$ cat target_29.tsv   # TSV, C-alpha atoms
chain	number	residue	atom	x	y	z
A	1145	MET	CA	-16.78	158.07	-38.49
A	1146	SER	CA	-14.40	156.11	-36.28
A	1147	ASP	CA	-10.69	156.78	-36.23
A	1148	MET	CA	-7.80	154.36	-35.69
A	1149	PRO	CA	-5.47	155.01	-32.71
A	1150	SER	CA	-2.82	156.21	-35.17
A	1151	GLY	CA	-5.23	158.84	-36.43
A	1152	LYS	CA	-5.76	157.13	-39.76
A	1153	PRO	CA	-9.51	157.01	-40.58
A	1154	LEU	CA	-10.96	153.48	-40.68
A	1155	VAL	CA	-13.54	154.36	-43.34
A	1156	THR	CA	-12.62	157.00	-45.80
A	1157	ASP	CA	-15.13	159.55	-47.15
A	1158	THR	CA	-15.06	157.87	-50.57
A	1159	ASN	CA	-15.75	154.40	-49.10
A	1160	SER	CA	-18.44	155.83	-46.86
A	1161	SER	CA	-20.25	157.47	-49.75
A	1162	ILE	CA	-20.08	154.23	-51.79
A	1163	LEU	CA	-21.50	152.22	-48.86
A	1164	ASP	CA	-24.23	154.83	-48.32
A	1165	ARG	CA	-25.18	154.74	-51.97
A	1166	ALA	CA	-25.24	150.90	-51.96
A	1167	ALA	CA	-27.44	150.88	-48.84
A	1168	THR	CA	-29.82	153.44	-50.38
A	1169	ALA	CA	-29.99	151.42	-53.62
A	1170	ALA	CA	-30.74	148.22	-51.65
A	1171	ALA	CA	-33.43	150.04	-49.63
A	1172	HIS	CA	-35.07	151.32	-52.85
A	1173	ALA	CA	-34.93	147.83	-54.42
A	1174	THR	CA	-36.81	146.24	-51.46
A	1175	PRO	CA	-40.58	146.26	-52.06
A	1176	GLU	CA	-42.28	148.74	-49.71
A	1177	PRO	CA	-44.57	146.22	-47.85
A	1178	LEU	CA	-41.57	143.92	-47.14
A	1179	ALA	CA	-39.37	146.85	-46.10
A	1180	LYS	CA	-42.03	147.94	-43.57
A	1181	LYS	CA	-42.14	144.46	-42.06
A	1182	VAL	CA	-38.33	144.04	-41.86
A	1183	ARG	CA	-37.80	147.43	-40.23
A	1184	GLY	CA	-39.69	146.31	-37.13
A	1185	LEU	CA	-37.67	143.07	-36.61
A	1186	SER	CA	-35.05	142.70	-33.90
A	1187	ASP	CA	-31.56	141.31	-34.62
A	1188	ARG	CA	-32.51	138.10	-32.83
A	1189	MET	CA	-35.56	137.65	-35.03
A	1190	VAL	CA	-33.52	138.25	-38.20
A	1191	ALA	CA	-31.02	135.61	-37.00
A	1192	TRP	CA	-33.89	133.15	-36.43
A	1193	ILE	CA	-35.23	133.82	-39.92
A	1194	PHE	CA	-31.85	132.88	-41.39
A	1195	ILE	CA	-31.46	129.76	-39.23
A	1196	ALA	CA	-35.06	128.53	-39.63
A	1197	PRO	CA	-34.67	126.79	-43.05
A	1198	THR	CA	-31.70	124.74	-41.77
A	1199	ILE	CA	-33.54	123.79	-38.57
A	1200	LEU	CA	-36.63	122.79	-40.56
A	1201	LEU	CA	-34.52	120.68	-42.92
A	1202	LEU	CA	-32.76	118.98	-39.99
A	1203	LEU	CA	-36.10	118.27	-38.31
A	1204	ALA	CA	-37.50	116.82	-41.52
A	1205	ILE	CA	-34.61	114.58	-42.54
A	1206	ASN	CA	-32.94	113.73	-39.20
A	1207	ILE	CA	-35.13	114.20	-36.17
A	1208	PHE	CA	-38.48	113.10	-37.63
A	1209	PRO	CA	-37.15	109.74	-39.01
A	1210	LEU	CA	-35.39	109.11	-35.70
A	1211	ILE	CA	-38.56	109.68	-33.67
A	1212	TRP	CA	-40.55	107.60	-36.16
A	1213	ALA	CA	-38.02	104.75	-35.92
A	1214	ILE	CA	-38.24	104.86	-32.10
A	1215	GLN	CA	-42.02	104.66	-32.34
A	1216	LEU	CA	-41.89	101.77	-34.87
A	1217	SER	CA	-39.44	99.86	-32.68
A	1218	PHE	CA	-42.25	99.25	-30.18
A	1219	THR	CA	-44.60	97.81	-32.83
A	1220	ASN	CA	-44.91	94.73	-35.07
A	1221	TYR	CA	-45.11	96.92	-38.21
A	1222	ARG	CA	-44.05	95.34	-41.51
A	1223	ALA	CA	-43.43	97.68	-44.45
A	1224	ASN	CA	-44.60	95.07	-47.00
A	1225	ARG	CA	-48.01	94.90	-45.30
A	1226	PRO	CA	-48.99	98.57	-44.96
A	1227	ASN	CA	-52.68	97.80	-44.47
A	1228	ALA	CA	-52.21	95.23	-41.68
A	1229	ASP	CA	-53.05	96.18	-38.10
A	1230	ILE	CA	-50.11	97.69	-36.24
A	1231	LYS	CA	-49.91	96.31	-32.71
A	1232	ASN	CA	-47.93	97.90	-29.91
A	1233	ILE	CA	-45.77	95.07	-28.54
A	1234	GLY	CA	-43.80	97.07	-25.98
A	1235	LEU	CA	-40.18	95.99	-25.51
A	1236	GLN	CA	-40.58	92.61	-27.26
A	1237	ASN	CA	-38.42	93.60	-30.28
A	1238	TYR	CA	-35.62	94.76	-27.98
A	1239	SER	CA	-35.74	91.61	-25.82
A	1240	ARG	CA	-35.70	89.39	-28.95
A	1241	ILE	CA	-32.65	91.18	-30.41
A	1242	LEU	CA	-30.77	91.20	-27.12
A	1243	GLY	CA	-31.45	87.51	-26.52
A	1244	ASP	CA	-30.64	86.34	-30.06
A	1245	ALA	CA	-27.32	84.50	-30.43
A	1246	ASP	CA	-27.12	85.23	-34.20
A	1247	THR	CA	-27.34	88.98	-33.64
A	1248	TRP	CA	-24.72	88.65	-30.91
A	1249	ILE	CA	-22.38	86.98	-33.44
A	1250	ALA	CA	-23.08	89.79	-35.93
A	1251	MET	CA	-22.04	92.28	-33.24
A	1252	GLN	CA	-18.79	90.37	-32.70
A	1253	ALA	CA	-18.12	90.41	-36.46
A	1254	THR	CA	-18.70	94.18	-36.42
A	1255	ALA	CA	-16.34	94.64	-33.47
A	1256	HIS	CA	-13.65	92.54	-35.21
A	1257	PHE	CA	-13.99	94.57	-38.40
A	1258	VAL	CA	-14.03	97.97	-36.64
A	1259	PHE	CA	-11.09	97.17	-34.34
A	1260	TRP	CA	-8.73	95.91	-37.04
A	1261	THR	CA	-9.61	98.51	-39.68
A	1262	ILE	CA	-9.10	101.36	-37.22
A	1263	ALA	CA	-5.86	99.93	-35.84
A	1264	LEU	CA	-4.37	99.36	-39.31
A	1265	GLN	CA	-5.62	102.62	-40.80
A	1266	THR	CA	-4.29	104.68	-37.88
A	1267	LEU	CA	-0.92	102.98	-37.90
A	1268	ILE	CA	-0.36	103.08	-41.66
A	1269	GLY	CA	-2.04	106.49	-42.07
A	1270	PHE	CA	0.12	108.15	-39.42
A	1271	THR	CA	3.30	106.53	-40.77
A	1272	LEU	CA	2.51	107.74	-44.31
A	1273	ALA	CA	1.72	111.24	-43.02
A	1274	TYR	CA	5.01	111.31	-41.10
A	1275	LEU	CA	6.93	110.32	-44.24
A	1276	ILE	CA	5.04	112.68	-46.57
A	1277	ASP	CA	5.54	115.56	-44.10
A	1278	ARG	CA	9.28	115.43	-44.80
A	1279	LYS	CA	9.93	117.56	-47.84
A	1280	PHE	CA	11.37	115.43	-50.64
A	1281	ARG	CA	11.35	115.68	-54.40
A	1282	GLY	CA	7.90	114.92	-55.80
A	1283	HIS	CA	6.14	114.72	-52.40
A	1284	ALA	CA	3.09	116.61	-53.77
A	1285	PHE	CA	2.76	114.05	-56.58
A	1286	TRP	CA	2.99	111.10	-54.18
A	1287	THR	CA	0.45	112.71	-51.84
A	1288	THR	CA	-2.02	112.87	-54.75
A	1289	VAL	CA	-1.28	109.26	-55.77
A	1290	ILE	CA	-1.86	108.04	-52.20
A	1291	LEU	CA	-5.18	109.91	-52.04
A	1292	VAL	CA	-6.62	108.25	-55.17
A	1293	PRO	CA	-8.33	105.21	-53.45
A	1294	MET	CA	-10.28	107.56	-51.18
A	1295	MET	CA	-11.74	109.35	-54.21
A	1296	LEU	CA	-13.21	106.19	-55.74
A	1297	SER	CA	-16.79	105.10	-55.19
A	1298	PRO	CA	-17.19	102.14	-52.77
A	1299	ALA	CA	-19.21	100.33	-55.48
A	1300	VAL	CA	-16.28	100.60	-57.89
A	1301	VAL	CA	-13.78	99.57	-55.21
A	1302	GLY	CA	-15.91	96.55	-54.24
A	1303	ASN	CA	-16.15	95.24	-57.82
A	1304	PHE	CA	-12.53	96.05	-58.55
A	1305	TRP	CA	-11.31	94.04	-55.49
A	1306	ARG	CA	-13.57	91.11	-56.34
A	1307	PHE	CA	-11.54	90.75	-59.51
A	1308	LEU	CA	-8.26	91.16	-57.61
A	1309	TYR	CA	-9.33	88.40	-55.20
A	1310	GLN	CA	-10.34	85.94	-57.98
A	1311	PRO	CA	-8.47	82.65	-57.31
A	1312	GLN	CA	-7.75	82.01	-61.02
A	1313	ILE	CA	-7.08	85.45	-62.53
A	1314	GLY	CA	-6.79	87.82	-59.53
A	1315	LEU	CA	-3.65	89.91	-59.22
A	1316	PHE	CA	-3.78	89.85	-55.41
A	1317	THR	CA	-3.88	86.04	-55.25
A	1318	TYR	CA	-1.12	85.88	-57.88
A	1319	ILE	CA	1.16	88.10	-55.75
A	1320	ILE	CA	0.42	86.10	-52.57
A	1321	SER	CA	1.05	82.88	-54.45
A	1322	PHE	CA	4.30	84.25	-55.90
A	1323	PHE	CA	5.68	85.05	-52.43
A	1324	THR	CA	4.30	82.10	-50.48
A	1325	GLY	CA	4.35	79.30	-53.07
A	1326	ILE	CA	0.73	78.38	-52.32
A	1327	PRO	CA	-1.18	77.62	-55.56
A	1328	PRO	CA	-3.46	80.60	-56.45
A	1329	THR	CA	-6.54	78.36	-56.70
A	1330	GLU	CA	-6.15	77.53	-52.99
A	1331	ILE	CA	-6.22	81.20	-51.96
A	1332	GLU	CA	-9.94	81.83	-51.76
A	1333	MET	CA	-10.06	85.18	-50.06
A	1334	LEU	CA	-13.83	85.71	-50.35
A	1335	SER	CA	-15.09	82.18	-49.78
A	1336	ASN	CA	-12.75	80.94	-47.05
A	1337	VAL	CA	-14.26	81.27	-43.56
A	1338	SER	CA	-11.05	82.50	-41.92
A	1339	LEU	CA	-9.88	84.72	-44.83
A	1340	ALA	CA	-13.18	86.43	-45.74
A	1341	PRO	CA	-13.24	88.87	-42.75
A	1342	TRP	CA	-9.63	89.84	-43.53
A	1343	SER	CA	-10.41	90.41	-47.20
A	1344	ILE	CA	-12.87	93.14	-46.20
A	1345	ILE	CA	-10.43	94.61	-43.66
A	1346	ILE	CA	-7.73	94.82	-46.39
A	1347	VAL	CA	-10.05	96.62	-48.82
A	1348	ASP	CA	-11.33	99.09	-46.23
A	1349	THR	CA	-7.78	99.79	-45.07
A	1350	TRP	CA	-6.63	100.30	-48.66
A	1351	MET	CA	-9.47	102.70	-49.35
A	1352	TRP	CA	-9.57	104.78	-46.16
A	1353	THR	CA	-5.95	104.94	-44.96
A	1354	PRO	CA	-5.40	108.04	-47.18
A	1355	TYR	CA	-8.20	109.79	-45.30
A	1356	VAL	CA	-6.51	109.12	-41.93
A	1357	MET	CA	-3.20	110.16	-43.50
A	1358	LEU	CA	-4.69	113.48	-44.63
A	1359	ILE	CA	-5.99	114.33	-41.13
A	1360	CYS	CA	-2.68	113.29	-39.51
A	1361	LEU	CA	-0.78	115.36	-42.09
A	1362	ALA	CA	-2.83	118.43	-41.11
A	1363	GLY	CA	-1.87	117.74	-37.47
A	1364	LEU	CA	1.84	117.35	-38.28
A	1365	ARG	CA	1.88	120.52	-40.40
A	1366	SER	CA	0.30	122.48	-37.52
A	1367	ILE	CA	3.30	121.86	-35.23
A	1368	PRO	CA	5.44	125.03	-35.26
A	1369	ASP	CA	9.09	124.62	-36.32
A	1370	TYR	CA	10.42	126.61	-33.35
A	1371	ILE	CA	9.47	123.76	-30.98
A	1372	TYR	CA	11.76	121.41	-32.90
A	1373	GLU	CA	14.45	124.09	-33.00
A	1374	ALA	CA	14.24	124.46	-29.21
A	1375	ALA	CA	14.47	120.66	-28.86
A	1376	GLU	CA	17.56	120.66	-31.12
A	1377	VAL	CA	19.14	123.31	-28.88
A	1378	ASP	CA	18.43	121.07	-25.89
A	1379	ARG	CA	20.08	118.22	-27.84
A	1380	ALA	CA	16.97	116.05	-27.86
A	1381	SER	CA	17.35	112.98	-30.08
A	1382	PRO	CA	14.95	112.49	-33.05
A	1383	TRP	CA	13.35	109.59	-31.11
A	1384	ARG	CA	12.79	111.84	-28.09
A	1385	GLN	CA	11.43	114.63	-30.32
A	1386	PHE	CA	8.93	112.19	-31.83
A	1387	TRP	CA	7.60	110.96	-28.46
A	1388	SER	CA	7.66	114.35	-26.67
A	1389	ILE	CA	6.62	116.75	-29.46
A	1390	THR	CA	5.28	115.12	-32.62
A	1391	LEU	CA	3.00	112.47	-31.14
A	1392	PRO	CA	1.41	114.55	-28.30
A	1393	MET	CA	0.78	117.51	-30.60
A	1394	ALA	CA	-0.69	115.38	-33.40
A	1395	LEU	CA	-2.77	113.28	-30.96
A	1396	PRO	CA	-6.02	115.35	-31.16
A	1397	PHE	CA	-5.93	114.97	-34.95
A	1398	ILE	CA	-5.29	111.21	-34.73
A	1399	MET	CA	-8.18	110.89	-32.28
A	1400	LEU	CA	-10.44	112.86	-34.61
A	1401	ALA	CA	-9.55	110.53	-37.48
A	1402	VAL	CA	-10.27	107.50	-35.28
A	1403	LEU	CA	-13.66	108.97	-34.30
A	1404	PHE	CA	-14.67	109.62	-37.91
A	1405	ARG	CA	-13.54	106.21	-39.13
A	1406	GLY	CA	-15.02	104.44	-36.08
A	1407	ILE	CA	-18.49	105.91	-36.69
A	1408	GLU	CA	-18.27	105.19	-40.44
A	1409	ASN	CA	-17.11	101.60	-39.95
A	1410	PHE	CA	-19.88	100.78	-37.49
A	1411	LYS	CA	-22.29	101.57	-40.30
A	1412	MET	CA	-20.20	99.81	-42.98
A	1413	PHE	CA	-22.54	98.22	-45.49
A	1414	ASP	CA	-21.67	98.85	-49.15
A	1415	MET	CA	-18.23	97.26	-49.22
A	1416	VAL	CA	-19.28	94.14	-47.24
A	1417	ASN	CA	-22.40	93.72	-49.35
A	1418	LEU	CA	-20.44	93.94	-52.60
A	1419	LEU	CA	-17.52	91.74	-51.56
A	1420	THR	CA	-19.06	88.89	-49.58
A	1421	GLY	CA	-22.73	89.80	-48.96
A	1422	GLY	CA	-22.23	88.63	-45.37
A	1423	GLY	CA	-20.88	85.20	-46.33
A	1424	PRO	CA	-19.50	82.57	-46.34
A	1425	GLY	CA	-22.28	81.50	-43.96
A	1426	SER	CA	-22.54	84.47	-41.68
A	1427	THR	CA	-18.81	85.02	-41.04
A	1428	THR	CA	-18.78	88.55	-42.43
A	1429	GLU	CA	-22.33	89.42	-41.51
A	1430	VAL	CA	-21.76	92.75	-39.77
A	1431	ALA	CA	-24.59	94.55	-37.94
A	1432	SER	CA	-25.63	96.64	-40.96
A	1433	ILE	CA	-26.01	93.52	-43.14
A	1434	THR	CA	-28.20	91.88	-40.47
A	1435	LEU	CA	-30.20	95.10	-40.29
A	1436	LYS	CA	-30.70	95.14	-44.07
A	1437	ARG	CA	-31.78	91.47	-44.08
A	1438	GLU	CA	-34.30	92.05	-41.29
A	1439	ALA	CA	-35.65	95.26	-42.85
A	1440	PHE	CA	-35.72	94.48	-46.58
A	1441	GLU	CA	-35.62	90.67	-46.92
A	1442	LYS	CA	-37.70	89.53	-43.94
A	1443	TRP	CA	-39.63	92.84	-43.87
A	1444	ARG	CA	-39.63	93.00	-40.06
A	1445	THR	CA	-39.65	96.80	-39.93
A	1446	GLY	CA	-40.42	97.13	-36.21
A	1447	TYR	CA	-37.70	94.64	-35.28
A	1448	SER	CA	-35.12	96.29	-37.55
A	1449	SER	CA	-36.05	99.74	-36.16
A	1450	ALA	CA	-35.27	98.45	-32.66
A	1451	PHE	CA	-31.95	97.08	-33.92
A	1452	ALA	CA	-31.14	100.42	-35.56
A	1453	ILE	CA	-31.90	102.23	-32.27
A	1454	ILE	CA	-29.53	99.88	-30.37
A	1455	LEU	CA	-26.74	100.63	-32.87
A	1456	PHE	CA	-27.52	104.34	-32.70
A	1457	VAL	CA	-27.27	104.42	-28.90
A	1458	ALA	CA	-23.94	102.51	-29.06
A	1459	VAL	CA	-22.38	104.92	-31.56
A	1460	PHE	CA	-23.89	108.02	-29.89
A	1461	GLY	CA	-22.65	106.98	-26.43
A	1462	LEU	CA	-19.18	106.22	-27.70
A	1463	ALA	CA	-19.01	109.50	-29.64
A	1464	ASN	CA	-19.94	111.38	-26.42
A	1465	ILE	CA	-17.05	109.79	-24.50
A	1466	TYR	CA	-14.72	110.39	-27.37
A	1467	VAL	CA	-15.55	114.09	-27.73
A	1468	LYS	CA	-15.01	114.53	-23.97
A	1469	VAL	CA	-11.58	112.83	-24.13
A	1470	LEU	CA	-10.70	114.83	-27.23
A	1471	ASN	CA	-11.48	118.11	-25.43
A	1472	LYS	CA	-9.33	117.00	-22.48
A	1473	VAL	CA	-6.40	116.22	-24.79
A	1474	LYS	CA	-6.78	119.55	-26.59
A	1475	ASN	CA	-6.84	121.51	-23.30
A	1476	ARG	CA	-3.68	119.83	-21.99
B	1165	MET	CA	-8.77	147.70	-16.50
B	1166	SER	CA	-9.10	147.82	-12.77
B	1167	ASN	CA	-6.87	145.65	-10.59
B	1168	GLN	CA	-9.78	143.92	-8.84
B	1169	SER	CA	-9.04	140.33	-7.93
B	1170	ILE	CA	-11.27	137.70	-9.50
B	1171	VAL	CA	-13.31	135.96	-6.81
B	1172	LYS	CA	-14.85	132.60	-7.70
B	1173	ARG	CA	-18.55	132.51	-6.93
B	1174	LYS	CA	-19.61	129.63	-4.72
B	1175	SER	CA	-22.30	127.51	-6.34
B	1176	ASN	CA	-25.29	126.42	-4.22
B	1177	TRP	CA	-25.43	123.16	-6.18
B	1178	PRO	CA	-24.89	120.11	-3.88
B	1179	VAL	CA	-21.37	118.64	-4.08
B	1180	PHE	CA	-22.56	115.11	-4.94
B	1181	LEU	CA	-24.48	116.51	-7.91
B	1182	ARG	CA	-21.50	118.30	-9.47
B	1183	ARG	CA	-20.63	117.51	-13.06
B	1184	GLY	CA	-17.19	115.89	-12.67
B	1185	LEU	CA	-18.08	112.80	-10.63
B	1186	LEU	CA	-21.43	112.12	-12.30
B	1187	GLU	CA	-19.97	112.57	-15.78
B	1188	ASN	CA	-17.28	110.02	-14.97
B	1189	ILE	CA	-19.91	107.54	-13.73
B	1190	ALA	CA	-21.90	108.08	-16.96
B	1191	ILE	CA	-18.79	107.54	-19.08
B	1192	ALA	CA	-17.96	104.36	-17.15
B	1193	LEU	CA	-21.51	103.05	-17.77
B	1194	ILE	CA	-21.33	103.81	-21.51
B	1195	GLY	CA	-17.90	102.15	-21.79
B	1196	LEU	CA	-19.09	99.12	-19.82
B	1197	GLY	CA	-22.24	98.80	-21.94
B	1198	PHE	CA	-20.19	99.10	-25.11
B	1199	LEU	CA	-17.83	96.32	-24.04
B	1200	MET	CA	-20.78	94.16	-22.99
B	1201	LEU	CA	-22.39	94.64	-26.43
B	1202	PHE	CA	-19.35	93.49	-28.40
B	1203	GLN	CA	-17.77	90.91	-26.08
B	1204	PRO	CA	-17.68	87.26	-27.23
B	1205	PHE	CA	-17.86	85.58	-23.77
B	1206	ALA	CA	-21.38	85.59	-22.31
B	1207	LEU	CA	-24.81	86.10	-23.89
B	1208	VAL	CA	-26.18	87.43	-20.61
B	1209	LEU	CA	-23.75	90.36	-20.72
B	1210	TYR	CA	-24.90	91.11	-24.27
B	1211	THR	CA	-28.52	91.03	-23.12
B	1212	TYR	CA	-27.96	93.73	-20.50
B	1213	SER	CA	-25.58	95.83	-22.61
B	1214	PHE	CA	-28.19	98.07	-24.21
B	1215	ILE	CA	-29.84	99.14	-20.96
B	1216	THR	CA	-26.42	99.88	-19.43
B	1217	MET	CA	-25.44	102.00	-22.42
B	1218	LEU	CA	-28.79	103.77	-22.55
B	1219	VAL	CA	-28.66	104.69	-18.84
B	1220	GLY	CA	-25.08	105.95	-19.28
B	1221	THR	CA	-25.91	108.01	-22.37
B	1222	VAL	CA	-29.03	109.62	-20.89
B	1223	MET	CA	-27.14	110.31	-17.66
B	1224	PHE	CA	-24.26	111.86	-19.63
B	1225	ILE	CA	-26.63	114.16	-21.55
B	1226	ILE	CA	-28.27	115.31	-18.30
B	1227	VAL	CA	-25.20	115.71	-16.07
B	1228	SER	CA	-23.15	117.52	-18.72
B	1229	LYS	CA	-25.49	120.50	-18.09
B	1230	PHE	CA	-24.70	120.51	-14.34
B	1231	PRO	CA	-22.24	123.10	-12.91
B	1232	GLU	CA	-18.59	122.12	-12.29
$ encode --input "target_29.tsv" --output "structure tokens"
Amino acid sequence: MSDMPSGKPLVTDTNSSILDRAATAAAHATPEPLAKKVRGLSDRMVAWIFIAPTILLLLAINIFPLIWAIQLSFTNYRANRPNADIKNIGLQNYSRILGDADTWIAMQATAHFVFWTIALQTLIGFTLAYLIDRKFRGHAFWTTVILVPMMLSPAVVGNFWRFLYQPQIGLFTYIISFFTGIPPTEIEMLSNVSLAPWSIIIVDTWMWTPYVMLICLAGLRSIPDYIYEAAEVDRASPWRQFWSITLPMALPFIMLAVLFRGIENFKMFDMVNLLTGGGPGSTTEVASITLKREAFEKWRTGYSSAFAIILFVAVFGLANIYVKVLNKVKNR
Amino acid sequence: MSNQSIVKRKSNWPVFLRRGLLENIAIALIGLGFLMLFQPFALVLYTYSFITMLVGTVMFIIVSKFPE
């Protein structure tokens, strides 16, 4: 039995006897053949036995499809013709994608969408977190209200905003018309070439700003009060406190939120598909919509696998840089 | 605890193969490839974006295992 430095026993006799009895009961409950096998296992082996199901699951649902997609990306395989001969065409799929002007435009649409959604969500999310962090009457209620859009399904949000954007009956168009004086029928958010990309950005910002706010709020709440008290003693102005304490200390959390939203928005499909379906023309055709068209409308499985690998490498590479920068910021 | 001073062990790894420099080169390649992929100016840059990014990513994975 081990004793504490103060002389107080760590495990009392009563506890010890209870633990002993529990261990004996467990040993008796284990079938004898299994007990014999387990007794001979090392700690390392027991750890492997516990980890193995997770590793097997990861291999089955993550690694295997990835390797299969890489293999398919070098072939002319079409999923709607499973019995056709599969030819190895080398890097042809990659060279076609990387030389195609339409795919290049889809990439630009993706970049436009990702840049503006992240910029707006970070700005509004951090501002909301900064305001909610100040204790005021009913702040818990308002936090819950702000979080509601994030809890809705993207399918529901997509349909719901299609109604809001309706030129004749939509509430959004009515409000815009009320403030600008433009007739509501002329505000065609989903079918106007220049407005359609912004209509998706507005919906995504509305839905996911609470998520960024929540992460920023966690960062702001983690800043100890004594730092602000020390700054007050040094007569630092609120502006100075914000730039020298609040922002640097909340920065790792902001960066984490940007990473999560960046990866999610590169793969954005559901909202775009529900709101505009890539139209009008191909103005809102982001990479995932092009991918879906190639894979499930044109049935060019090999080609779409190559496209998916290109997107994967882009996101994976960026995430690597980001994690490195994040670690640097945290170690400052 | 004894008051022995901590002496840094000298690595036999060549200086030009240390992690810091190579990791920065890899990061620069990934960043460059990323910009090339999403830029709206020249199709030729888009064409060579994937290979630039792939080289950078593979290099990053390898050199991040190198000693400091």
$ interface_residues --input "target_29.tsv" --of "chain A" --to "chain B" --cutoff "8 Å" --atoms "all atoms listed in the file" --output "list in words"
Ser1239, Leu1242, Gly1243, Ala1245, Trp1248, Ile1249, Met1251, Gln1252, Ala1255, Ile1454, Val1457, Ala1458, Phe1460, Gly1461, Leu1462, Asn1464 and Ile1465 of chain A
$ atom_distance --input "target_29.tsv" --atom1 "CA of Tyr1372 in chain A" --atom2 "CA of Thr1390 in chain A"
9.0 Å
$ closest_residue --input "target_29.tsv" --among "A:Gln1385, A:Asp1277, A:Phe1413, A:Ala1340" --to "Ser1366 in chain A" --atoms "all atoms listed in the file"
A:Asp1277
$ residues_around --input "target_29.tsv" --residues "range 1217-1228 of chain A" --least-positions-apart "4" --cutoff "9 Å" --atoms "all atoms listed in the file" --output "list of chain:residue names"
A:Trp1212, A:Ala1213, A:Asn1232, A:Ile1233, A:Gly1234, A:Leu1235, A:Gln1236, A:Asn1237, A:Tyr1238, A:Ala1439, A:Phe1440, A:Lys1442, A:Trp1443, A:Arg1444, A:Thr1445, A:Gly1446, A:Tyr1447, A:Ser1448, A:Ser1449, A:Ala1450, A:Phe1451, A:Ala1452, A:Ile1453
$ write_last_selection --input "target_29.tsv" --atoms "C-alpha atoms" --output "short mmCIF file (atom, residue, chain, number, x, y, z; two decimals), in the coordinates of the input"
data_model
loop_
_atom_site.label_atom_id
_atom_site.label_comp_id
_atom_site.auth_asym_id
_atom_site.auth_seq_id
_atom_site.Cartn_x
_atom_site.Cartn_y
_atom_site.Cartn_z
CA TRP A 1212 -40.55 107.60 -36.16
CA ALA A 1213 -38.02 104.75 -35.92
CA ASN A 1232 -47.93 97.90 -29.91
CA ILE A 1233 -45.77 95.07 -28.54
CA GLY A 1234 -43.80 97.07 -25.98
CA LEU A 1235 -40.18 95.99 -25.51
CA GLN A 1236 -40.58 92.61 -27.26
CA ASN A 1237 -38.42 93.60 -30.28
CA TYR A 1238 -35.62 94.76 -27.98
CA ALA A 1439 -35.65 95.26 -42.85
CA PHE A 1440 -35.72 94.48 -46.58
CA LYS A 1442 -37.70 89.53 -43.94
CA TRP A 1443 -39.63 92.84 -43.87
CA ARG A 1444 -39.63 93.00 -40.06
CA THR A 1445 -39.65 96.80 -39.93
CA GLY A 1446 -40.42 97.13 -36.21
CA TYR A 1447 -37.70 94.64 -35.28
CA SER A 1448 -35.12 96.29 -37.55
CA SER A 1449 -36.05 99.74 -36.16
CA ALA A 1450 -35.27 98.45 -32.66
CA PHE A 1451 -31.95 97.08 -33.92
CA ALA A 1452 -31.14 100.42 -35.56
CA ILE A 1453 -31.90 102.23 -32.27
#
$ atom_distance --input "target_29.tsv" --atom1 "CA of Ala1284 in chain A" --atom2 "CA of Leu1364 in chain A"
15.6 Å
$ atom_distance --input "target_29.tsv" --atom1 "CA of Phe1307 in chain A" --atom2 "CA of Met1357 in chain A"
26.5 Å
$ closest_residue --input "target_29.tsv" --among "B:Thr1216, B:Arg1182, B:Trp1177, B:Lys1229" --to "Leu1196 in chain B" --atoms "all atoms listed in the file"
B:Thr1216
$ build_atoms --input "target_29.tsv" --residues "range 1239-1248 of chain A" --atoms "N, CA and C atoms" --output "mmCIF file, in the coordinates of the input"
data_model
loop_
_atom_site.group_PDB
_atom_site.id
_atom_site.type_symbol
_atom_site.label_atom_id
_atom_site.label_comp_id
_atom_site.auth_asym_id
_atom_site.auth_seq_id
_atom_site.Cartn_x
_atom_site.Cartn_y
_atom_site.Cartn_z
ATOM 1 N N SER A 1239 -36.127 92.824 -26.558
ATOM 2 C CA SER A 1239 -35.740 91.610 -25.820
ATOM 3 C C SER A 1239 -35.365 90.484 -26.776
ATOM 4 N N ARG A 1240 -36.041 90.428 -27.967
ATOM 5 C CA ARG A 1240 -35.700 89.390 -28.950
ATOM 6 C C ARG A 1240 -34.284 89.617 -29.493
ATOM 7 N N ILE A 1241 -33.979 90.876 -29.840
ATOM 8 C CA ILE A 1241 -32.650 91.180 -30.410
ATOM 9 C C ILE A 1241 -31.568 90.883 -29.383
ATOM 10 N N LEU A 1242 -31.814 91.318 -28.141
ATOM 11 C CA LEU A 1242 -30.770 91.200 -27.120
ATOM 12 C C LEU A 1242 -30.664 89.789 -26.536
ATOM 13 N N GLY A 1243 -31.548 88.904 -26.971
ATOM 14 C CA GLY A 1243 -31.450 87.510 -26.520
ATOM 15 C C GLY A 1243 -31.074 86.581 -27.670
ATOM 16 N N ASP A 1244 -30.894 87.147 -28.861
ATOM 17 C CA ASP A 1244 -30.640 86.340 -30.060
ATOM 18 C C ASP A 1244 -29.139 86.110 -30.256
ATOM 19 N N ALA A 1245 -28.752 84.840 -30.305
ATOM 20 C CA ALA A 1245 -27.320 84.500 -30.430
ATOM 21 C C ALA A 1245 -26.757 84.903 -31.792
ATOM 22 N N ASP A 1246 -27.609 84.857 -32.861
ATOM 23 C CA ASP A 1246 -27.120 85.230 -34.200
ATOM 24 C C ASP A 1246 -26.772 86.717 -34.270
ATOM 25 N N THR A 1247 -27.608 87.535 -33.648
ATOM 26 C CA THR A 1247 -27.340 88.980 -33.640
ATOM 27 C C THR A 1247 -26.082 89.266 -32.824
ATOM 28 N N TRP A 1248 -25.912 88.505 -31.767
ATOM 29 C CA TRP A 1248 -24.720 88.650 -30.910
ATOM 30 C C TRP A 1248 -23.455 88.362 -31.734
#
